[in-house]
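Structure below is my_file-v5.pdb: PDB, C-alpha atoms.
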ATOM      1  CA  MET F  16      14.964 -23.052  -3.381
ATOM      2  CA  ALA F  17      12.154 -21.853  -1.109
ATOM      3  CA  VAL F  18      12.564 -18.722   0.943
ATOM      4  CA  VAL F  19      12.232 -19.437   4.656
ATOM      5  CA  PHE F  20      10.754 -16.603   6.667
ATOM      6  CA  VAL F  21      11.818 -16.488  10.290
ATOM      7  CA  TYR F  22       9.413 -14.453  12.379
ATOM      8  CA  PRO F  23      10.665 -12.616  15.474
ATOM      9  CA  ASP F  24       9.353 -15.116  18.036
ATOM     10  CA  GLN F  25      11.265 -17.901  16.299
ATOM     11  CA  GLN F  26      14.430 -15.861  16.023
ATOM     12  CA  ILE F  27      15.538 -15.977  19.652
ATOM     13  CA  PRO F  28      15.967 -19.775  19.942
ATOM     14  CA  ARG F  29      17.394 -19.800  16.448
ATOM     15  CA  TYR F  30      19.937 -17.141  17.395
ATOM     16  CA  PHE F  31      21.128 -19.054  20.461
ATOM     17  CA  LYS F  32      21.400 -22.361  18.623
ATOM     18  CA  GLU F  33      25.029 -21.704  17.695
ATOM     19  CA  SER F  34      25.942 -19.337  20.504
ATOM     20  CA  PRO F  35      28.619 -19.884  23.172
ATOM     21  CA  LEU F  36      26.082 -18.507  25.698
ATOM     22  CA  THR F  37      22.572 -19.715  26.440
ATOM     23  CA  GLN F  38      19.781 -17.153  26.571
ATOM     24  CA  ALA F  39      19.676 -17.455  30.375
ATOM     25  CA  GLU F  40      23.455 -16.928  30.654
ATOM     26  CA  CYS F  41      23.166 -13.979  28.349
ATOM     27  CA  ASN F  42      20.358 -12.424  30.405
ATOM     28  CA  GLU F  43      22.481 -12.893  33.534
ATOM     29  CA  LYS F  44      25.418 -11.152  31.866
ATOM     30  CA  ILE F  45      23.208  -8.268  30.778
ATOM     31  CA  LEU F  46      21.823  -7.890  34.322
ATOM     32  CA  ALA F  47      25.301  -7.903  35.810
ATOM     33  CA  LEU F  48      26.531  -5.250  33.398
ATOM     34  CA  PHE F  49      23.487  -3.072  33.943
ATOM     35  CA  LEU F  50      24.016  -3.338  37.674
ATOM     36  CA  LYS F  51      27.706  -2.514  37.378
ATOM     37  CA  GLU F  52      27.082   0.403  35.032
ATOM     38  CA  PHE F  53      24.412   2.014  37.169
ATOM     39  CA  ARG F  54      25.517   0.927  40.664
ATOM     40  CA  LEU F  55      26.112   4.515  41.717
ATOM     41  CA  LYS F  56      22.636   5.586  40.633
ATOM     42  CA  PHE F  57      21.011   3.055  42.911
ATOM     43  CA  ALA F  58      20.950   3.543  46.648
ATOM     44  CA  PRO F  59      24.538   2.624  47.612
ATOM     45  CA  ASP F  60      23.439   0.780  50.717
ATOM     46  CA  LEU F  61      21.114  -1.591  48.852
ATOM     47  CA  SER F  62      22.320  -5.122  48.302
ATOM     48  CA  ASP F  63      22.785  -6.440  44.756
ATOM     49  CA  ASP F  64      19.851  -8.812  45.249
ATOM     50  CA  LYS F  65      17.604  -5.977  46.328
ATOM     51  CA  ILE F  66      18.573  -3.925  43.300
ATOM     52  CA  ARG F  67      18.166  -6.911  40.985
ATOM     53  CA  SER F  68      14.591  -7.279  42.132
ATOM     54  CA  THR F  69      13.861  -3.826  40.665
ATOM     55  CA  ILE F  70      15.334  -4.654  37.257
ATOM     56  CA  SER F  71      13.199  -6.074  34.494
ATOM     57  CA  LEU F  72      14.158  -7.467  31.107
ATOM     58  CA  ASP F  73      11.669  -6.941  28.308
ATOM     59  CA  GLN F  74      12.163  -9.358  25.482
ATOM     60  CA  GLY F  75       9.127  -7.651  23.962
ATOM     61  CA  GLN F  76       7.623 -10.762  22.399
ATOM     62  CA  GLY F  77      10.323 -10.411  19.809
ATOM     63  CA  SER F  78       9.438  -6.837  18.915
ATOM     64  CA  PHE F  79      13.069  -5.769  18.884
ATOM     65  CA  GLN F  80      14.573  -9.006  17.728
ATOM     66  CA  GLY F  81      16.553  -9.046  14.495
ATOM     67  CA  CYS F  82      18.527 -11.866  12.879
ATOM     68  CA  PHE F  83      22.033 -10.876  13.942
ATOM     69  CA  SER F  84      21.697 -10.095  17.616
ATOM     70  CA  TYR F  85      19.734 -10.821  20.766
ATOM     71  CA  THR F  86      18.110  -7.570  21.757
ATOM     72  CA  VAL F  87      16.242  -6.735  24.951
ATOM     73  CA  VAL F  88      15.124  -3.654  26.809
ATOM     74  CA  ILE F  89      16.335  -3.492  30.394
ATOM     75  CA  ARG F  90      14.885  -1.074  32.896
ATOM     76  CA  SER F  91      14.811  -0.120  36.523
ATOM     77  CA  GLY F  92      12.856   2.948  37.625
ATOM     78  CA  ASP F  93      13.610   5.734  35.172
ATOM     79  CA  ILE F  94      16.733   4.045  33.782
ATOM     80  CA  GLN F  95      15.979   2.328  30.498
ATOM     81  CA  MET F  96      18.554   0.827  28.141
ATOM     82  CA  VAL F  97      18.553  -1.412  25.130
ATOM     83  CA  ALA F  98      20.995  -4.291  25.564
ATOM     84  CA  GLN F  99      22.265  -6.272  22.646
ATOM     85  CA  TYR F 100      24.280  -9.474  22.597
ATOM     86  CA  ARG F 101      26.145 -10.524  19.478
ATOM     87  CA  LYS F 102      27.980 -13.788  18.966
ATOM     88  CA  PRO F 103      31.718 -13.570  18.215
ATOM     89  CA  GLY F 104      31.046 -13.765  14.467
ATOM     90  CA  ASP F 105      28.365 -11.063  14.535
ATOM     91  CA  ARG F 106      30.231  -8.293  16.321
ATOM     92  CA  VAL F 107      29.543  -4.671  15.384
ATOM     93  CA  ASP F 108      32.546  -2.518  14.623
ATOM     94  CA  PRO F 109      32.334   0.301  17.217
ATOM     95  CA  LEU F 110      33.890   2.634  14.626
ATOM     96  CA  ILE F 111      30.699   2.317  12.554
ATOM     97  CA  LEU F 112      28.746   3.625  15.508
ATOM     98  CA  ASP F 113      31.200   6.491  15.938
ATOM     99  CA  GLU F 114      30.676   7.407  12.290
ATOM    100  CA  ALA F 115      26.867   7.209  12.657
ATOM    101  CA  VAL F 116      26.959   9.467  15.732
ATOM    102  CA  ALA F 117      29.258  11.921  13.938
ATOM    103  CA  CYS F 118      26.820  12.108  11.013
ATOM    104  CA  TYR F 119      23.426  11.877  12.697
ATOM    105  CA  GLY F 120      24.080  13.158  16.215
ATOM    106  CA  HIS F 121      21.157  12.806  18.615
ATOM    107  CA  TRP F 122      19.282  10.413  16.310
ATOM    108  CA  VAL F 123      21.784   7.676  17.201
ATOM    109  CA  PRO F 124      21.715   6.230  20.736
ATOM    110  CA  LYS F 125      25.400   5.583  21.320
ATOM    111  CA  PRO F 126      26.071   2.262  23.022
ATOM    112  CA  LYS F 127      28.883   1.255  25.349
ATOM    113  CA  PHE F 128      30.529  -1.954  24.226
ATOM    114  CA  TYR F 129      31.763  -4.800  26.418
ATOM    115  CA  GLU F 130      33.641  -7.557  24.654
ATOM    116  CA  ASP F 131      35.013 -10.938  25.604
ATOM    117  CA  ALA F 132      35.562 -14.320  23.987
ATOM    118  CA  GLU F 133      31.872 -15.174  24.251
ATOM    119  CA  GLY F 134      30.777 -12.214  22.187
ATOM    120  CA  GLN F 135      29.906  -8.554  22.359
ATOM    121  CA  LEU F 136      27.417  -6.903  24.673
ATOM    122  CA  SER F 137      26.271  -3.345  24.253
ATOM    123  CA  LEU F 138      24.148  -1.072  26.398
ATOM    124  CA  ALA F 139      22.554   1.989  24.823
ATOM    125  CA  PRO F 140      20.213   4.641  26.163
ATOM    126  CA  TYR F 141      16.726   3.865  25.026
ATOM    127  CA  ALA F 142      13.601   5.947  24.697
ATOM    128  CA  GLY F 143      10.259   5.041  23.185
ATOM    129  CA  ALA F 144       9.428   1.749  21.507
ATOM    130  CA  SER F 145       9.925   0.321  18.057
ATOM    131  CA  TYR F 146       7.875   1.930  15.284
ATOM    132  CA  ALA F 147       6.775  -1.554  14.231
ATOM    133  CA  ARG F 148       5.220  -2.163  17.610
ATOM    134  CA  GLN F 149       3.360   1.150  17.822
ATOM    135  CA  SER F 150       2.513   2.269  14.314
ATOM    136  CA  ARG F 151      -0.653   0.203  13.868
ATOM    137  CA  GLU F 152      -2.248   2.241  16.616
ATOM    138  CA  TYR F 153      -0.964   5.588  15.343
ATOM    139  CA  SER F 154      -3.369   8.262  14.118
ATOM    140  CA  PHE F 155      -2.608  10.134  10.900
ATOM    141  CA  GLN F 156      -1.074  12.968  12.946
ATOM    142  CA  GLN F 157       1.261  10.572  14.773
ATOM    143  CA  LYS F 158       2.306   9.035  11.456
ATOM    144  CA  LEU F 159       2.859  12.523  10.113
ATOM    145  CA  ASN F 160       5.133  13.290  13.078
ATOM    146  CA  SER F 161       7.179  10.176  12.268
ATOM    147  CA  VAL F 162       7.406  11.157   8.594
ATOM    148  CA  HIS F 163       8.527  14.717   9.395
ATOM    149  CA  ASP F 164      11.159  13.398  11.809
ATOM    150  CA  PHE F 165      12.369  10.847   9.283
ATOM    151  CA  ALA F 166      12.798  13.700   6.785
ATOM    152  CA  ARG F 167      14.847  15.652   9.336
ATOM    153  CA  PHE F 168      16.873  12.552  10.114
ATOM    154  CA  CYS F 169      17.655  11.994   6.418
ATOM    155  CA  ALA F 170      18.508  15.672   5.899
ATOM    156  CA  SER F 171      20.856  15.701   8.898
ATOM    157  CA  GLY F 172      23.124  13.198   7.125
ATOM    158  CA  CYS F 173      23.690  15.795   4.385
ATOM    159  CA  PHE F 174      25.439  18.128   6.833
ATOM    160  CA  HIS F 175      28.238  15.552   7.073
ATOM    161  CA  SER F 176      28.397  14.400   3.478
ATOM    162  CA  LYS F 177      31.341  13.529   1.257
ATOM    163  CA  GLU F 178      31.987  14.484  -2.349
ATOM    164  CA  PRO F 179      30.265  12.323  -4.998
ATOM    165  CA  SER F 180      32.325   9.267  -5.821
ATOM    166  CA  LEU F 181      32.669   7.492  -9.143
ATOM    167  CA  VAL F 182      33.890   4.372  -7.337
ATOM    168  CA  VAL F 183      30.666   4.155  -5.318
ATOM    169  CA  VAL F 184      28.497   4.785  -8.372
ATOM    170  CA  GLN F 185      30.479   2.154 -10.290
ATOM    171  CA  THR F 186      29.706  -0.356  -7.533
ATOM    172  CA  ILE F 187      26.005   0.455  -7.906
ATOM    173  CA  GLN F 188      26.350   0.092 -11.671
ATOM    174  CA  ASP F 189      27.852  -3.368 -11.282
ATOM    175  CA  GLN F 190      25.080  -4.415  -8.921
ATOM    176  CA  LEU F 191      22.308  -3.100 -11.199
ATOM    177  CA  GLU F 192      23.835  -4.995 -14.103
ATOM    178  CA  ILE F 193      23.637  -8.197 -12.078
ATOM    179  CA  TRP F 194      20.001  -7.570 -11.103
ATOM    180  CA  ALA F 195      19.059  -6.634 -14.651
ATOM    181  CA  ALA F 196      20.272 -10.084 -15.705
ATOM    182  CA  TRP F 197      18.123 -11.831 -13.089
ATOM    183  CA  LYS F 198      14.950 -11.384 -15.189
ATOM    184  CA  LEU F 199      12.819 -11.075 -12.050
ATOM    185  CA  ASN F 200       9.682 -10.250 -13.999
ATOM    186  CA  ASP F 201       8.914  -7.966 -16.911
ATOM    187  CA  GLN F 202       7.835  -4.972 -14.831
ATOM    188  CA  ILE F 203      10.751  -5.055 -12.400
ATOM    189  CA  SER F 204      13.306  -5.713 -15.118
ATOM    190  CA  ALA F 205      11.874  -2.746 -17.015
ATOM    191  CA  VAL F 206      12.260  -0.540 -13.914
ATOM    192  CA  ILE F 207      15.876  -1.657 -13.411
ATOM    193  CA  ARG F 208      16.648  -0.919 -17.061
ATOM    194  CA  GLU F 209      14.954   2.454 -16.704
ATOM    195  CA  VAL F 210      16.953   3.277 -13.576
ATOM    196  CA  CYS F 211      20.115   2.351 -15.448
ATOM    197  CA  ALA F 212      19.174   4.406 -18.505
ATOM    198  CA  ARG F 213      18.028   7.473 -16.588
ATOM    199  CA  SER F 214      21.100   7.552 -14.421
ATOM    200  CA  GLY F 215      23.342   7.087 -17.425
ATOM    201  CA  ILE F 216      24.868   4.231 -15.509
ATOM    202  CA  LEU F 217      24.740   1.443 -18.034
ATOM    203  CA  SER F 218      26.308   1.734 -21.413
ATOM    204  CA  SER F 219      23.716  -0.443 -23.151
TER     205      SER F 219
ATOM    206  CA  MET Q  25      23.253  10.158  -9.569
ATOM    207  CA  PHE Q  26      26.893  11.083 -10.132
ATOM    208  CA  GLN Q  27      26.138  14.536  -8.749
ATOM    209  CA  LEU Q  28      24.733  13.360  -5.406
ATOM    210  CA  PRO Q  29      26.895  13.773  -2.306
ATOM    211  CA  LEU Q  30      27.698  10.630  -0.349
ATOM    212  CA  VAL Q  31      26.010  10.253   3.013
ATOM    213  CA  PHE Q  32      26.465   7.613   5.667
ATOM    214  CA  THR Q  33      23.517   5.316   4.932
ATOM    215  CA  HIS Q  34      21.806   2.890   7.298
ATOM    216  CA  ALA Q  35      21.485  -0.537   5.671
ATOM    217  CA  ASP Q  36      18.484  -1.841   7.591
ATOM    218  CA  LEU Q  37      15.917   0.889   8.142
ATOM    219  CA  ASN Q  38      12.793  -0.905   9.244
ATOM    220  CA  GLY Q  39      10.145  -0.639  11.931
ATOM    221  CA  LEU Q  40      12.239  -2.565  14.441
ATOM    222  CA  ASN Q  41      15.222  -0.258  14.168
ATOM    223  CA  VAL Q  42      13.379   3.060  14.350
ATOM    224  CA  LEU Q  43      12.238   4.007  17.857
ATOM    225  CA  THR Q  44       9.344   6.393  18.355
ATOM    226  CA  ASP Q  45       7.494   7.939  21.284
ATOM    227  CA  ALA Q  46       3.778   8.121  22.054
ATOM    228  CA  ASP Q  47       3.366  11.111  19.703
ATOM    229  CA  GLY Q  48       5.053   9.339  16.812
ATOM    230  CA  HIS Q  49       8.272  11.368  17.080
ATOM    231  CA  ILE Q  50      11.450   9.455  16.348
ATOM    232  CA  THR Q  51      13.579   9.021  19.459
ATOM    233  CA  GLY Q  52      16.416   7.008  17.925
ATOM    234  CA  VAL Q  53      17.670   4.837  15.108
ATOM    235  CA  ILE Q  54      19.522   1.674  16.089
ATOM    236  CA  ASP Q  55      21.447  -1.200  14.445
ATOM    237  CA  TRP Q  56      23.952   0.659  12.278
ATOM    238  CA  ASP Q  57      25.825  -2.484  11.330
ATOM    239  CA  GLU Q  58      26.534  -2.704   7.573
ATOM    240  CA  SER Q  59      26.035   1.048   7.119
ATOM    241  CA  ALA Q  60      28.060   2.564   4.301
ATOM    242  CA  TRP Q  61      28.669   5.763   2.332
ATOM    243  CA  LYS Q  62      26.127   5.881  -0.485
ATOM    244  CA  PRO Q  63      24.721   8.615  -2.730
ATOM    245  CA  PHE Q  64      22.164  10.729  -0.895
ATOM    246  CA  GLY Q  65      18.690   9.373  -1.638
ATOM    247  CA  VAL Q  66      19.572   5.684  -1.449
ATOM    248  CA  GLY Q  67      18.591   5.748   2.237
ATOM    249  CA  LEU Q  68      15.116   7.033   1.378
ATOM    250  CA  TYR Q  69      14.095   3.400   0.900
ATOM    251  CA  GLY Q  70      13.274   3.663   4.611
ATOM    252  CA  LEU Q  71      10.337   5.930   3.801
ATOM    253  CA  ASP Q  72       8.421   2.799   2.808
ATOM    254  CA  MET Q  73       8.002   1.771   6.441
ATOM    255  CA  PHE Q  74       5.962   4.921   7.140
ATOM    256  CA  LEU Q  75       3.973   4.926   3.902
ATOM    257  CA  GLY Q  76       2.933   1.301   3.680
ATOM    258  CA  SER Q  77       3.161  -2.146   5.130
ATOM    259  CA  ARG Q  78       3.853  -5.677   4.045
ATOM    260  CA  GLY Q  79       0.898  -7.978   4.259
ATOM    261  CA  PRO Q  80      -0.139 -11.358   2.900
ATOM    262  CA  GLU Q  81      -0.844  -9.825  -0.505
ATOM    263  CA  GLY Q  82       2.391  -7.890  -0.755
ATOM    264  CA  TYR Q  83       2.955  -4.210  -0.014
ATOM    265  CA  SER Q  84       0.014  -1.932   0.600
ATOM    266  CA  ARG Q  85       0.053   1.829   0.969
ATOM    267  CA  VAL Q  86      -1.365   3.616   3.991
ATOM    268  CA  ASP Q  87      -4.312   5.986   3.723
ATOM    269  CA  GLY Q  88      -2.990   9.416   2.870
ATOM    270  CA  TYR Q  89       0.089   8.027   1.099
ATOM    271  CA  ASP Q  90       0.395  10.937  -1.353
ATOM    272  CA  ASN Q  91      -0.042  13.535   1.364
ATOM    273  CA  LEU Q  92       2.537  11.884   3.665
ATOM    274  CA  ARG Q  93       5.040  11.501   0.831
ATOM    275  CA  ALA Q  94       4.605  15.124  -0.239
ATOM    276  CA  GLN Q  95       5.048  16.333   3.346
ATOM    277  CA  PHE Q  96       8.159  14.186   3.730
ATOM    278  CA  PHE Q  97       9.838  15.877   0.787
ATOM    279  CA  GLU Q  98       8.703  19.328   1.878
ATOM    280  CA  THR Q  99      10.345  18.841   5.291
ATOM    281  CA  LEU Q 100      13.373  17.139   3.763
ATOM    282  CA  TRP Q 101      14.122  20.075   1.479
ATOM    283  CA  SER Q 102      13.529  22.667   4.175
ATOM    284  CA  SER Q 103      15.958  20.848   6.481
ATOM    285  CA  MET Q 104      18.843  20.411   4.017
ATOM    286  CA  PRO Q 105      22.087  22.400   3.975
ATOM    287  CA  LEU Q 106      21.780  25.606   1.924
ATOM    288  CA  GLU Q 107      24.259  24.499  -0.727
ATOM    289  CA  ILE Q 108      22.029  21.512  -1.513
ATOM    290  CA  ILE Q 109      18.769  23.504  -1.354
ATOM    291  CA  SER Q 110      20.209  25.839  -3.978
ATOM    292  CA  LYS Q 111      20.516  22.881  -6.357
ATOM    293  CA  GLN Q 112      17.079  21.429  -5.540
ATOM    294  CA  ARG Q 113      15.631  21.579  -9.046
ATOM    295  CA  GLY Q 114      18.589  19.760 -10.550
ATOM    296  CA  LEU Q 115      18.806  17.163  -7.822
ATOM    297  CA  GLU Q 116      15.174  16.104  -7.396
ATOM    298  CA  LYS Q 117      15.171  13.577 -10.212
ATOM    299  CA  ALA Q 118      18.530  12.171  -9.199
ATOM    300  CA  ILE Q 119      17.288  11.714  -5.637
ATOM    301  CA  GLN Q 120      14.178   9.887  -6.812
ATOM    302  CA  LEU Q 121      16.411   7.625  -8.874
ATOM    303  CA  ALA Q 122      18.637   7.002  -5.864
ATOM    304  CA  GLU Q 123      15.541   6.144  -3.823
ATOM    305  CA  MET Q 124      14.655   3.467  -6.374
ATOM    306  CA  VAL Q 125      18.195   2.125  -6.173
ATOM    307  CA  GLY Q 126      17.781   2.023  -2.391
ATOM    308  CA  VAL Q 127      14.559   0.014  -2.682
ATOM    309  CA  LEU Q 128      16.269  -2.426  -5.039
ATOM    310  CA  TYR Q 129      19.215  -2.826  -2.642
ATOM    311  CA  ARG Q 130      16.829  -3.328   0.251
ATOM    312  CA  CYS Q 131      14.886  -6.090  -1.492
ATOM    313  CA  LEU Q 132      17.585  -7.782  -3.565
ATOM    314  CA  GLU Q 133      21.023  -7.255  -2.018
ATOM    315  CA  TRP Q 134      20.902 -10.215   0.364
ATOM    316  CA  ARG Q 135      19.663 -12.684  -2.245
ATOM    317  CA  ALA Q 136      21.892 -15.065  -4.122
ATOM    318  CA  ASP Q 137      19.717 -14.779  -7.220
ATOM    319  CA  GLY Q 138      16.232 -13.832  -8.325
ATOM    320  CA  THR Q 139      14.823 -17.330  -8.362
ATOM    321  CA  THR Q 140      14.095 -17.273  -4.625
ATOM    322  CA  MET Q 141      11.527 -14.491  -4.900
ATOM    323  CA  SER Q 142       7.917 -15.517  -4.497
ATOM    324  CA  ARG Q 143       5.109 -13.977  -6.536
ATOM    325  CA  ILE Q 144       4.033 -11.949  -3.483
ATOM    326  CA  GLU Q 145       7.541 -10.607  -2.954
ATOM    327  CA  LEU Q 146       7.766  -9.605  -6.591
ATOM    328  CA  THR Q 147       4.383  -7.884  -6.346
ATOM    329  CA  ALA Q 148       5.568  -6.043  -3.216
ATOM    330  CA  LEU Q 149       8.769  -4.906  -4.922
ATOM    331  CA  GLU Q 150       6.807  -3.695  -7.945
ATOM    332  CA  ALA Q 151       4.511  -1.692  -5.674
ATOM    333  CA  ARG Q 152       7.434  -0.147  -3.814
ATOM    334  CA  LEU Q 153       9.085   0.908  -7.057
ATOM    335  CA  ARG Q 154       5.919   2.691  -8.187
ATOM    336  CA  MET Q 155       6.672   6.134  -6.714
TER     337      MET Q 155
END

For the file at hand, write its structure as structure tokens.
Amino acid sequence: MAVVFVYPDQQIPRYFKESPLTQAECNEKILALFLKEFRLKFAPDLSDDKIRSTISLDQGQGSFQGCFSYTVVIRSGDIQMVAQYRKPGDRVDPLILDEAVACYGHWVPKPKFYEDAEGQLSLAPYAGASYARQSREYSFQQKLNSVHDFARFCASGCFHSKEPSLVVVQTIQDQLEIWAAWKLNDQISAVIREVCARSGILSS
Amino acid sequence: MFQLPLVFTHADLNGLNVLTDADGHITGVIDWDESAWKPFGVGLYGLDMFLGSRGPEGYSRVDGYDNLRAQFFETLWSSMPLEIISKQRGLEKAIQLAEMVGVLYRCLEWRADGTTMSRIELTALEARLRM
């Protein structure tokens, strides 16, 4: 079976193929929510149409687009949010986000969720742009800044860790056993066997 | 790896889900769906996005790879909780092992079997496992 790669610009129509909302309906819903959420921050005497004319949706030529959501940046003046629509079957469990915020604090932009039968919309504070979009232009120093911050991000998870778990390690053991049997190629199989041996995971 | 604490681990750390500013500083990490508690180190698979890129010939390392990787670990260890820093010597090898497990999960977990991997993908995985 051939692997089919779906590049970001193909992902949006693909995502909406089996969605209860069209992309246009989804954009309209996102605009309405943004407007509702930030109504008080806009001049109260401005009409909705006037405010709408200041709002822009950046679909970023697919720069933010993954496989399991429709993701856009929405902004007006200094307010900038990332909005994400997920079909009913692709909903995110908000408790996962709570756990991520508890563990990683400021590294996790916490979204507000809005749910109905047509799916889940979320709005999260947004700053910067995706690393994928910017990194090609980064100097060594900028890359170094990203690497240092990624190290701090990883370390911050250790301040909210749990005790080692044999159940979790057993799950990894089972998975490695499956991959070892795949016979991907000699080098990779050798690495998997080495990982197993060095970790004392596999009995063989 | 049995000795590593469990940390809440992002399942899809890639360049689309890490937000940075004009100076390269990380401003946020998004898309936490599928995250789970895994041994510390498994999430270091994400380091690959900063140290290399996928191209038509597989995975290639950025200029200054060794320097960036060394600086990552220096900052990582200096930012850890004291009780983990005190065990650094004993944990380093286990963490490197967990990183390899993370790379394997990243590249293989979503596949039904190994037959769907192209030669280029296999080459990329080999390169990523060479730490």

So that I can check the surroundings of stretch 69-71 of chain Q, please list as a ChimeraX atom specification every protein, DNA and RNA residue that reaches within 12 Å of it, counting all atoms listed in the file and ignoring chain neighbours fewer than 2 positions away. /F:158-159,161-166,168-169 /Q:33-42,53,64-67,73-77,85-86,89,92-97,100,119-131,149,152-153,155

Might you spell out which residues the PyMOL selection byres ((chain Q) within 7 of (chain F)) would select in the displayed file, as a PyMOL selection string? chain Q and resi 25-32+39-45+47-54+56-57+62+74+92+96+99-100+103-105+121+137-138+140+150

Those same residues - C-alpha atoms - I'd like them written as a short mmCIF file (atom, residue, chain, number, x, y, z; two decimals), in the coordinates of the input.
data_model
loop_
_atom_site.label_atom_id
_atom_site.label_comp_id
_atom_site.auth_asym_id
_atom_site.auth_seq_id
_atom_site.Cartn_x
_atom_site.Cartn_y
_atom_site.Cartn_z
CA MET Q 25 23.25 10.16 -9.57
CA PHE Q 26 26.89 11.08 -10.13
CA GLN Q 27 26.14 14.54 -8.75
CA LEU Q 28 24.73 13.36 -5.41
CA PRO Q 29 26.90 13.77 -2.31
CA LEU Q 30 27.70 10.63 -0.35
CA VAL Q 31 26.01 10.25 3.01
CA PHE Q 32 26.46 7.61 5.67
CA GLY Q 39 10.14 -0.64 11.93
CA LEU Q 40 12.24 -2.56 14.44
CA ASN Q 41 15.22 -0.26 14.17
CA VAL Q 42 13.38 3.06 14.35
CA LEU Q 43 12.24 4.01 17.86
CA THR Q 44 9.34 6.39 18.36
CA ASP Q 45 7.49 7.94 21.28
CA ASP Q 47 3.37 11.11 19.70
CA GLY Q 48 5.05 9.34 16.81
CA HIS Q 49 8.27 11.37 17.08
CA ILE Q 50 11.45 9.46 16.35
CA THR Q 51 13.58 9.02 19.46
CA GLY Q 52 16.42 7.01 17.92
CA VAL Q 53 17.67 4.84 15.11
CA ILE Q 54 19.52 1.67 16.09
CA TRP Q 56 23.95 0.66 12.28
CA ASP Q 57 25.82 -2.48 11.33
CA LYS Q 62 26.13 5.88 -0.48
CA PHE Q 74 5.96 4.92 7.14
CA LEU Q 92 2.54 11.88 3.66
CA PHE Q 96 8.16 14.19 3.73
CA THR Q 99 10.34 18.84 5.29
CA LEU Q 100 13.37 17.14 3.76
CA SER Q 103 15.96 20.85 6.48
CA MET Q 104 18.84 20.41 4.02
CA PRO Q 105 22.09 22.40 3.98
CA LEU Q 121 16.41 7.62 -8.87
CA ASP Q 137 19.72 -14.78 -7.22
CA GLY Q 138 16.23 -13.83 -8.32
CA THR Q 140 14.10 -17.27 -4.62
CA GLU Q 150 6.81 -3.70 -7.94
#

Hey, can you check how far atom CA of F:Tyr30 sits from atom CA of Q:Ala136?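 Taking atom CA of F:Tyr30 and atom CA of Q:Ala136, their separation equals 21.7 Å.
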
Atom CA of F:Arg29 to atom CA of F:Lys102, distance in Å rounded to a single decimal: 12.4 Å

Separation of atom CA of F:Leu48 from atom CA of F:Ile27 in Å: 20.6 Å

What would the selection look like, as a VMD selection string, if the PyMOL selection byres ((chain F and resi 129-134) around 6) were run on the coordinates I just shared? chain F and resid 35 101 to 103 128 135 to 136
